[in-house]
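Source file: run_16.csv; contents: CSV, C-alpha atoms.
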chain,number,residue,atom,x,y,z
A,189,VAL,CA,-25.7,8.3,3.1
A,190,VAL,CA,-23.4,5.4,2.3
A,191,GLU,CA,-21.4,3.8,5.0
A,192,SER,CA,-18.3,1.6,4.5
A,193,ILE,CA,-15.5,0.0,6.4
A,194,HIS,CA,-12.0,-0.7,5.2
A,195,PHE,CA,-9.6,-3.4,6.3
A,196,PRO,CA,-6.3,-5.0,5.3
A,197,SER,CA,-7.1,-8.0,3.0
A,198,HIS,CA,-3.7,-9.3,2.0
A,199,ILE,CA,0.0,-8.6,1.3
A,200,GLU,CA,1.2,-8.3,-2.3
A,201,ASN,CA,4.9,-9.2,-2.6
A,202,LEU,CA,6.4,-7.2,-5.4
A,203,THR,CA,9.7,-9.0,-5.2
A,204,HIS,CA,8.2,-12.4,-6.1
A,205,SER,CA,4.8,-11.4,-7.6
A,206,SER,CA,3.0,-13.4,-4.9
A,207,VAL,CA,0.1,-12.9,-2.5
A,208,LEU,CA,0.5,-13.5,1.2
A,209,PRO,CA,-2.1,-13.4,4.0
A,210,VAL,CA,-2.2,-10.4,6.3
A,211,GLU,CA,-1.1,-12.8,9.1
A,212,TRP,CA,2.2,-13.0,7.4
A,213,LEU,CA,3.1,-9.8,9.2
A,214,ASN,CA,2.9,-11.4,12.6
A,215,ASP,CA,6.4,-11.2,14.3
A,216,LYS,CA,8.0,-9.8,11.1
A,217,LYS,CA,10.5,-6.9,11.5
A,218,VAL,CA,9.4,-4.4,8.8
A,219,TYR,CA,10.6,-1.1,7.4
A,220,ALA,CA,7.4,0.7,6.7
A,221,PHE,CA,7.1,3.8,4.5
A,222,CYS,CA,4.3,5.8,2.8
A,223,ALA,CA,3.2,9.1,1.3
A,224,LEU,CA,-0.2,9.6,2.8
A,225,GLY,CA,-2.2,12.5,4.2
A,226,SER,CA,-2.7,10.5,7.4
A,227,PRO,CA,0.1,7.9,7.6
A,228,GLU,CA,-0.8,6.9,11.2
A,229,SER,CA,-3.6,4.5,10.2
A,230,PHE,CA,-1.2,2.6,7.8
A,231,PHE,CA,1.3,2.1,10.6
A,232,GLN,CA,-1.4,1.2,13.1
A,233,SER,CA,-2.7,-1.5,10.7
A,234,LEU,CA,0.8,-3.0,10.5
A,235,LEU,CA,1.1,-3.0,14.3
A,236,TYR,CA,-2.4,-4.4,14.8
A,237,HIS,CA,-1.5,-7.4,12.5
A,238,GLY,CA,1.6,-8.2,14.6
A,239,ALA,CA,4.4,-6.4,12.6
A,240,GLY,CA,7.3,-5.0,14.5
A,241,ILE,CA,8.1,-1.7,12.8
A,242,ILE,CA,11.8,-1.2,13.1
A,243,LYS,CA,11.7,2.0,11.1
A,244,SER,CA,8.9,4.1,9.7
A,245,LYS,CA,9.4,6.8,7.2
A,246,THR,CA,6.8,9.3,5.9
A,247,PHE,CA,6.8,11.5,2.8
A,248,LEU,CA,4.3,14.3,2.0
A,249,ASP,CA,1.1,13.1,0.4
A,250,HIS,CA,1.3,12.5,-3.3
A,251,HIS,CA,5.1,12.3,-3.2
A,252,PHE,CA,7.0,11.2,-6.3
A,253,TYR,CA,9.8,8.9,-5.3
A,254,SER,CA,13.3,9.2,-6.8
A,255,TYR,CA,15.4,6.2,-7.5
A,256,LYS,CA,17.9,7.4,-4.9
A,257,GLU,CA,15.2,7.7,-2.2
A,258,LEU,CA,14.0,4.1,-2.9
A,259,ASN,CA,17.5,2.7,-3.1
A,260,ASN,CA,18.2,4.4,0.3
A,261,ILE,CA,15.1,2.8,1.8
A,262,ILE,CA,16.2,-0.6,0.6
A,263,LEU,CA,19.8,-0.2,1.9
A,264,GLU,CA,18.6,1.1,5.3
A,265,ALA,CA,16.1,-1.7,5.6
A,266,LYS,CA,18.8,-4.3,5.0
A,267,GLN,CA,21.2,-2.5,7.4
A,268,LEU,CA,18.5,-2.5,10.1
A,269,GLY,CA,17.9,-6.3,9.6
A,270,ALA,CA,14.3,-5.9,8.4
A,271,ASP,CA,12.5,-9.0,7.2
A,272,ALA,CA,10.7,-6.9,4.6
A,273,ILE,CA,9.8,-3.5,3.4
A,274,VAL,CA,6.1,-2.6,3.5
A,275,THR,CA,4.3,0.2,1.8
A,276,THR,CA,0.8,1.1,0.6
A,277,HIS,CA,-1.0,0.3,-2.7
A,278,LYS,CA,-1.2,4.0,-3.4
A,279,ASP,CA,2.6,4.2,-3.1
A,280,LYS,CA,3.1,1.0,-5.2
A,281,VAL,CA,1.9,2.9,-8.3
A,282,LYS,CA,4.6,5.5,-8.0
A,283,ILE,CA,7.3,3.0,-6.9
A,284,CYS,CA,6.7,0.9,-10.0
A,285,GLU,CA,7.2,4.0,-12.1
A,286,VAL,CA,10.8,4.2,-10.7
A,287,LEU,CA,11.9,0.7,-9.9
A,288,THR,CA,11.8,-2.0,-12.6
A,289,GLU,CA,10.7,-5.6,-11.9
A,290,THR,CA,14.3,-6.5,-12.1
A,291,ASP,CA,15.2,-3.9,-9.4
A,292,LEU,CA,12.5,-5.3,-7.1
A,293,GLN,CA,13.6,-8.9,-7.7
A,294,THR,CA,17.3,-8.2,-7.1
A,295,CYS,CA,17.1,-5.7,-4.2
A,296,GLY,CA,17.8,-8.4,-1.6
A,297,ILE,CA,14.8,-7.8,0.6
A,298,PRO,CA,11.1,-8.6,0.2
A,299,PHE,CA,9.2,-5.5,-1.0
A,300,ASN,CA,5.5,-5.7,0.0
A,301,VAL,CA,2.3,-3.8,-0.3
A,302,LEU,CA,-0.5,-3.8,2.2
A,303,LYS,CA,-3.7,-4.2,0.2
A,304,ILE,CA,-6.9,-2.6,1.7
A,305,THR,CA,-10.4,-3.7,0.9
A,306,ILE,CA,-13.4,-1.5,1.2
A,307,LYS,CA,-16.8,-2.9,2.0
A,308,ILE,CA,-20.0,-0.9,1.8
A,309,THR,CA,-22.1,-1.6,4.8
A,310,LYS,CA,-25.1,0.7,4.3
A,311,ASN,CA,-27.0,1.6,1.1
A,312,LYS,CA,-24.9,-0.4,-1.3
A,313,ASP,CA,-27.7,-0.6,-3.9
A,314,ARG,CA,-28.0,3.2,-3.9
A,315,PHE,CA,-24.3,3.7,-4.2
A,316,GLU,CA,-24.1,1.3,-7.2
A,317,GLU,CA,-27.0,3.1,-8.8
A,318,LEU,CA,-25.3,6.5,-8.4
A,319,ILE,CA,-22.0,5.1,-9.8
A,320,ASP,CA,-23.8,3.6,-12.8
A,321,LYS,CA,-25.4,7.0,-13.4
A,322,VAL,CA,-22.0,8.7,-13.3
A,323,LEU,CA,-20.5,6.1,-15.7
A,324,ILE,CA,-23.3,6.5,-18.1
A,325,LEU,CA,-23.0,10.3,-18.1
A,326,GLY,CA,-19.3,10.0,-18.5
A,327,SER,CA,-19.7,7.7,-21.5
A,328,ASP,CA,-22.1,10.2,-23.2
A,329,LYS,CA,-19.3,12.8,-23.2
A,330,LYS,CA,-17.0,10.7,-25.4
Same coordinates, now as structure tokens:
Amino acid sequence: VVESIHFPSHIENLTHSSVLPVEWLNDKKVYAFCALGSPESFFQSLLYHGAGIIKSKTFLDHHFYSYKELNNIILEAKQLGADAIVTTHKDKVKICEVLTETDLQTCGIPFNVLKITIKITKNKDRFEELIDKVLILGSDKK
């Protein structure tokens, strides 16, 4: 049995390609959205770190965002007076397939990703041993 914990480690600002401490969320009005199977933990993490969620929006897990959906989120966040938009790292991948770096830099509101770190707390050596075994087996198939 391997045990782990996960926790927010920092904020990645996609608008300016910078990294912010999680404490940056304190007293910020954020528009939060995600496409997760259990979005509640994402929203709870934001609240726990002091963010004021002025609007939350969820999509079905593994949702592929359209340009129109993302543009509507940006417009709505600005209309609501949000300090920033915050989403998950999982969603970042799909957002960056739709919005260009220029789109993010000119959208008029900081677009951020809450980064999560996973720390193995029990049987780390055994976990790494098993991962190495899988990687070696996978490389033999090539």
Practice problem: Provide the CA of Leu202 (chain A) to CA of Gln293 (chain A) distance in Å, to one decimal place. | Solution: 7.7 Å
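For the atom pair formed by CA of Asp271 (chain A) and CA of Glu289 (chain A), the distance is 19.5 Å, given to one decimal.
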Under the rule of at most 10 Å, produce a per-residue listing of region 216-278 of chain A near region 300-317 of chain A: chain, number, name, the closest pair of atoms, and the distance in Å, as a tab-separated table, using all atoms listed in the file.
residue	atom	partner	partner_atom	distance
A:Val218	CA	A:Asn300	CA	9.7
A:Ala220	CA	A:Asn300	CA	9.5
A:Phe230	CA	A:Leu302	CA	8.5
A:Ser233	CA	A:Leu302	CA	9.1
A:Leu234	CA	A:Leu302	CA	8.4
A:Ala272	CA	A:Asn300	CA	7.0
A:Ile273	CA	A:Asn300	CA	5.9
A:Val274	CA	A:Asn300	CA	4.7
A:Thr275	CA	A:Val301	CA	4.9
A:Thr276	CA	A:Val301	CA	5.2
A:His277	CA	A:Val301	CA	5.8
A:Lys278	CA	A:Val301	CA	9.1
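Of the residues listed (A:Leu268, A:Ser229, A:Tyr236, A:Cys222), A:Cys222 shows the shortest atom-to-atom separation from Ile283 (chain A); distances use all atoms listed in the file.
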Quiz item: To one decimal place, how far is CA of Glu228 (chain A) from CA of Glu264 (chain A) in Å?
Solution: 21.1 Å
Quiz prompt | Residues near Gly225 (chain A), cut-off 9 Å, all atoms listed in the file, skip fewer than 4 positions along chain, as a ChimeraX atom specification | solution = /A:248-250
Export of the given selection (C-alpha atoms) as an mmCIF file, keeping the file's coordinate frame:
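Resulting contents of selection_35.cif:
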data_model
loop_
_atom_site.group_PDB
_atom_site.id
_atom_site.type_symbol
_atom_site.label_atom_id
_atom_site.label_comp_id
_atom_site.auth_asym_id
_atom_site.auth_seq_id
_atom_site.Cartn_x
_atom_site.Cartn_y
_atom_site.Cartn_z
ATOM 1 C CA LEU A 248 4.300 14.300 2.000
ATOM 2 C CA ASP A 249 1.100 13.100 0.400
ATOM 3 C CA HIS A 250 1.300 12.500 -3.300
#
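The neighbours of Leu208 (chain A) here are the residues that come within 7 Å of it, using all atoms listed in the file and leaving out any residue fewer than 6 positions away in the same chain; they are His198, Ile199 and Glu200 of chain A.
Each of A:His251, A:Ile319, A:Phe299, A:Ile324 was compared to Ser205 (chain A) using all atoms listed in the file, and A:Phe299 turns out to be the nearest.
Take the candidates A:Ala270, A:Cys284, A:Ile297, A:Ile262 and check each one against Lys216 (chain A) using all atoms listed in the file; the shortest distance goes to A:Ala270.
Taking all atoms listed in the file into account, Val286 (chain A) lies nearest to A:Leu258 out of the set A:Ala223, A:Leu235, A:Leu263, A:Leu258.
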